file my_file.pdb (PDB, C-alpha atoms)
MODEL        1
ATOM      1  CA  MET W 138      40.829  10.858   0.690  1.00  0.00           C
ATOM      2  CA  PRO W 139      44.211  11.986   2.065  1.00  0.00           C
ATOM      3  CA  SER W 140      44.094  14.202   5.104  1.00  0.00           C
ATOM      4  CA  ARG W 141      46.506  15.623   7.625  1.00  0.00           C
ATOM      5  CA  ARG W 142      43.845  15.280  10.291  1.00  0.00           C
ATOM      6  CA  GLU W 143      43.647  12.282  12.560  1.00  0.00           C
ATOM      7  CA  ARG W 144      41.018   9.733  11.586  1.00  0.00           C
ATOM      8  CA  HIS W 145      38.948   7.522  13.853  1.00  0.00           C
ATOM      9  CA  ALA W 146      37.011   4.326  13.297  1.00  0.00           C
ATOM     10  CA  ILE W 147      34.069   3.262  15.444  1.00  0.00           C
ATOM     11  CA  THR W 148      32.923  -0.332  15.652  1.00  0.00           C
ATOM     12  CA  GLU W 149      29.292  -0.850  16.532  1.00  0.00           C
ATOM     13  CA  THR W 150      29.836  -3.161  19.459  1.00  0.00           C
ATOM     14  CA  PRO W 151      26.577  -4.353  21.034  1.00  0.00           C
ATOM     15  CA  SER W 152      26.405  -1.435  23.498  1.00  0.00           C
ATOM     16  CA  VAL W 153      27.299   1.157  20.837  1.00  0.00           C
ATOM     17  CA  GLN W 154      24.783  -0.353  18.423  1.00  0.00           C
ATOM     18  CA  LEU W 155      22.071  -0.304  21.079  1.00  0.00           C
ATOM     19  CA  ALA W 156      22.653   3.388  21.773  1.00  0.00           C
ATOM     20  CA  LEU W 157      22.848   4.307  18.080  1.00  0.00           C
ATOM     21  CA  ASP W 158      19.759   2.266  17.210  1.00  0.00           C
ATOM     22  CA  GLU W 159      17.823   4.088  19.908  1.00  0.00           C
ATOM     23  CA  LEU W 160      18.946   7.420  18.446  1.00  0.00           C
ATOM     24  CA  ARG W 161      18.134   6.278  14.901  1.00  0.00           C
ATOM     25  CA  ARG W 162      14.601   5.318  15.955  1.00  0.00           C
ATOM     26  CA  GLU W 163      14.101   8.689  17.631  1.00  0.00           C
ATOM     27  CA  LEU W 164      15.456  10.583  14.617  1.00  0.00           C
ATOM     28  CA  GLY W 165      13.516   8.452  12.166  1.00  0.00           C
ATOM     29  CA  THR W 166      16.572   7.962   9.969  1.00  0.00           C
ATOM     30  CA  ASP W 167      19.582   5.688   9.717  1.00  0.00           C
ATOM     31  CA  ARG W 168      21.866   8.699   9.185  1.00  0.00           C
ATOM     32  CA  VAL W 169      23.638   9.686  12.395  1.00  0.00           C
ATOM     33  CA  GLU W 170      26.168  12.505  12.577  1.00  0.00           C
ATOM     34  CA  ILE W 171      29.018  10.824  14.435  1.00  0.00           C
ATOM     35  CA  SER W 172      31.010  14.066  14.631  1.00  0.00           C
ATOM     36  CA  GLU W 173      28.128  15.764  16.458  1.00  0.00           C
ATOM     37  CA  LEU W 174      27.897  12.827  18.871  1.00  0.00           C
ATOM     38  CA  VAL W 175      31.626  13.005  19.550  1.00  0.00           C
ATOM     39  CA  ILE W 176      31.441  16.735  20.288  1.00  0.00           C
ATOM     40  CA  LEU W 177      28.430  16.285  22.582  1.00  0.00           C
ATOM     41  CA  GLY W 178      30.105  13.351  24.312  1.00  0.00           C
ATOM     42  CA  VAL W 179      33.343  15.257  24.838  1.00  0.00           C
ATOM     43  CA  ARG W 180      31.461  18.201  26.342  1.00  0.00           C
ATOM     44  CA  GLU W 181      29.548  15.885  28.684  1.00  0.00           C
ATOM     45  CA  LYS W 182      32.739  14.086  29.716  1.00  0.00           C
ATOM     46  CA  LEU W 183      34.501  17.400  30.379  1.00  0.00           C
ATOM     47  CA  ALA W 184      31.561  18.621  32.468  1.00  0.00           C
ATOM     48  CA  ARG W 185      31.682  15.450  34.563  1.00  0.00           C
ATOM     49  CA  LEU W 186      35.453  15.633  35.013  1.00  0.00           C
ATOM     50  CA  ARG W 187      35.303  19.289  36.006  1.00  0.00           C
ATOM     51  CA  ALA W 188      32.470  18.635  38.448  1.00  0.00           C
ATOM     52  CA  GLN W 189      34.500  15.826  40.043  1.00  0.00           C
ATOM     53  CA  GLN W 190      37.582  18.065  40.262  1.00  0.00           C
ATOM     54  CA  ASN W 191      35.519  20.864  41.847  1.00  0.00           C
ATOM     55  CA  TYR W 192      34.083  18.408  44.358  1.00  0.00           C
ATOM     56  CA  GLN W 193      37.559  17.134  45.270  1.00  0.00           C
ATOM     57  CA  GLN W 194      38.916  20.671  45.558  1.00  0.00           C
ATOM     58  CA  GLY W 195      36.032  21.485  47.898  1.00  0.00           C
ATOM     59  CA  LEU W 196      36.935  18.513  50.083  1.00  0.00           C
ATOM     60  CA  VAL W 197      40.579  19.594  50.207  1.00  0.00           C
ATOM     61  CA  LYS W 198      39.587  23.159  51.141  1.00  0.00           C
ATOM     62  CA  ARG W 199      37.259  21.817  53.830  1.00  0.00           C
ATOM     63  CA  LEU W 200      40.005  19.640  55.285  1.00  0.00           C
ATOM     64  CA  ALA W 201      42.488  22.520  55.143  1.00  0.00           C
ATOM     65  CA  GLY W 202      40.001  24.684  57.036  1.00  0.00           C
ATOM     66  CA  ARG W 203      39.595  21.995  59.685  1.00  0.00           C
ATOM     67  CA  ILE W 204      43.362  21.668  60.018  1.00  0.00           C
ATOM     68  CA  ARG W 205      43.783  25.438  60.364  1.00  0.00           C
ATOM     69  CA  SER W 206      41.004  25.650  62.952  1.00  0.00           C
ATOM     70  CA  ARG W 207      42.217  22.479  64.689  1.00  0.00           C
ATOM     71  CA  THR W 208      38.758  20.909  64.534  1.00  0.00           C
ATOM     72  CA  ILE W 209      39.709  17.600  62.985  1.00  0.00           C
ATOM     73  CA  PRO W 210      37.652  14.797  64.501  1.00  0.00           C
ATOM     74  CA  GLY W 211      39.831  11.989  65.779  1.00  0.00           C
ATOM     75  CA  ASP W 212      41.306  10.207  68.738  1.00  0.00           C
ATOM     76  CA  PRO W 213      44.368  12.110  69.963  1.00  0.00           C
ATOM     77  CA  ALA W 214      45.428   9.268  72.262  1.00  0.00           C
ATOM     78  CA  ALA W 215      45.350   6.791  69.367  1.00  0.00           C
ATOM     79  CA  ALA W 216      47.337   9.203  67.198  1.00  0.00           C
ATOM     80  CA  LEU W 217      50.002   9.531  69.884  1.00  0.00           C
ATOM     81  CA  GLU W 218      50.151   5.752  70.212  1.00  0.00           C
ATOM     82  CA  VAL W 219      50.671   5.343  66.465  1.00  0.00           C
ATOM     83  CA  ARG W 220      53.340   8.023  66.582  1.00  0.00           C
ATOM     84  CA  ARG W 221      55.084   6.242  69.459  1.00  0.00           C
ATOM     85  CA  ALA W 222      54.761   2.633  68.248  1.00  0.00           C
ATOM     86  CA  GLY W 223      54.558   3.082  64.503  1.00  0.00           C
ATOM     87  CA  TRP W 224      51.917   2.005  62.029  1.00  0.00           C
ATOM     88  CA  ALA W 225      51.093  -1.696  61.952  1.00  0.00           C
ATOM     89  CA  ARG W 226      48.673  -3.693  59.832  1.00  0.00           C
ATOM     90  CA  ASP W 227      47.171  -7.043  60.629  1.00  0.00           C
TER      91      ASP W 227
ENDMDL
END
call {"tool": "encode", "arguments": {"input": "my_file.pdb", "output": "structure tokens"}}
result
Amino acid sequence: MPSRRERHAITETPSVQLALDELRRELGTDRVEISELVILGVREKLARLRAQQNYQQGLVKRLAGRIRSRTIPGDPAAALEVRRAGWARD
């Protein structure tokens, strides 16, 4: 049927088949609503991405606070040496 909407095809690779078969057994039917699974999967993926972004933003804010308060752990003498001699890798 013609449609202006984008279409998708899903191949039941071994891992996809395993997951779908588990769901089919639990539902007691071979009929699985792929659109519902896509929506649930997208929401889960977004939640994970947002949680990761929030975690990273928290780390940046924590580092910024340390920089502002000048409480960054480190070796000032080593930092001065790197500044003087430059960065070198073995």
call {"tool": "atom_distance", "arguments": {"input": "my_file.pdb", "atom1": "CA of His145 (chain W)", "atom2": "CA of Leu177 (chain W)"}}
result
16.2 Å
call {"tool": "atom_distance", "arguments": {"input": "my_file.pdb", "atom1": "CA of Glu170 (chain W)", "atom2": "CA of Arg144 (chain W)"}}
result
15.1 Å
call {"tool": "atom_distance", "arguments": {"input": "my_file.pdb", "atom1": "CA of Ala201 (chain W)", "atom2": "CA of Leu186 (chain W)"}}
result
22.4 Å
call {"tool": "build_atoms", "arguments": {"input": "my_file.pdb", "residues": "region 177-190 of chain W", "atoms": "N, CA, C and O atoms", "output": "compact mmCIF listing (two decimals), keeping the file's coordinate frame"}}
result
# COMPACT_ATOMS: atom_id res chain seq x y z
N LEU W 177 29.33 16.30 21.42
CA LEU W 177 28.43 16.28 22.58
C LEU W 177 28.99 15.40 23.70
O LEU W 177 28.93 15.77 24.88
N GLY W 178 29.53 14.26 23.32
CA GLY W 178 30.10 13.35 24.31
C GLY W 178 31.32 13.94 25.01
O GLY W 178 31.48 13.80 26.22
N VAL W 179 32.16 14.62 24.26
CA VAL W 179 33.34 15.26 24.84
C VAL W 179 32.92 16.35 25.82
O VAL W 179 33.47 16.45 26.92
N ARG W 180 31.94 17.13 25.44
CA ARG W 180 31.46 18.20 26.34
C ARG W 180 30.88 17.62 27.63
O ARG W 180 31.12 18.14 28.72
N GLU W 181 30.12 16.54 27.51
CA GLU W 181 29.55 15.88 28.68
C GLU W 181 30.65 15.32 29.57
O GLU W 181 30.62 15.46 30.79
N LYS W 182 31.63 14.66 28.96
CA LYS W 182 32.74 14.09 29.72
C LYS W 182 33.53 15.17 30.44
O LYS W 182 33.88 15.03 31.61
N LEU W 183 33.80 16.28 29.75
CA LEU W 183 34.50 17.40 30.38
C LEU W 183 33.71 17.97 31.55
O LEU W 183 34.28 18.28 32.60
N ALA W 184 32.40 18.10 31.38
CA ALA W 184 31.56 18.62 32.47
C ALA W 184 31.64 17.71 33.68
O ALA W 184 31.75 18.17 34.82
N ARG W 185 31.60 16.40 33.46
CA ARG W 185 31.68 15.45 34.56
C ARG W 185 33.05 15.50 35.25
O ARG W 185 33.14 15.47 36.48
N LEU W 186 34.10 15.56 34.44
CA LEU W 186 35.45 15.63 35.01
C LEU W 186 35.64 16.90 35.84
O LEU W 186 36.18 16.87 36.94
N ARG W 187 35.17 18.01 35.30
CA ARG W 187 35.30 19.29 36.01
C ARG W 187 34.48 19.30 37.28
O ARG W 187 34.92 19.83 38.31
N ALA W 188 33.30 18.71 37.24
CA ALA W 188 32.47 18.64 38.45
C ALA W 188 33.17 17.80 39.51
O ALA W 188 33.18 18.16 40.70
N GLN W 189 33.77 16.68 39.11
CA GLN W 189 34.50 15.83 40.04
C GLN W 189 35.70 16.56 40.63
O GLN W 189 35.96 16.49 41.83
N GLN W 190 36.43 17.30 39.79
CA GLN W 190 37.58 18.07 40.26
C GLN W 190 37.14 19.15 41.24
O GLN W 190 37.79 19.36 42.27
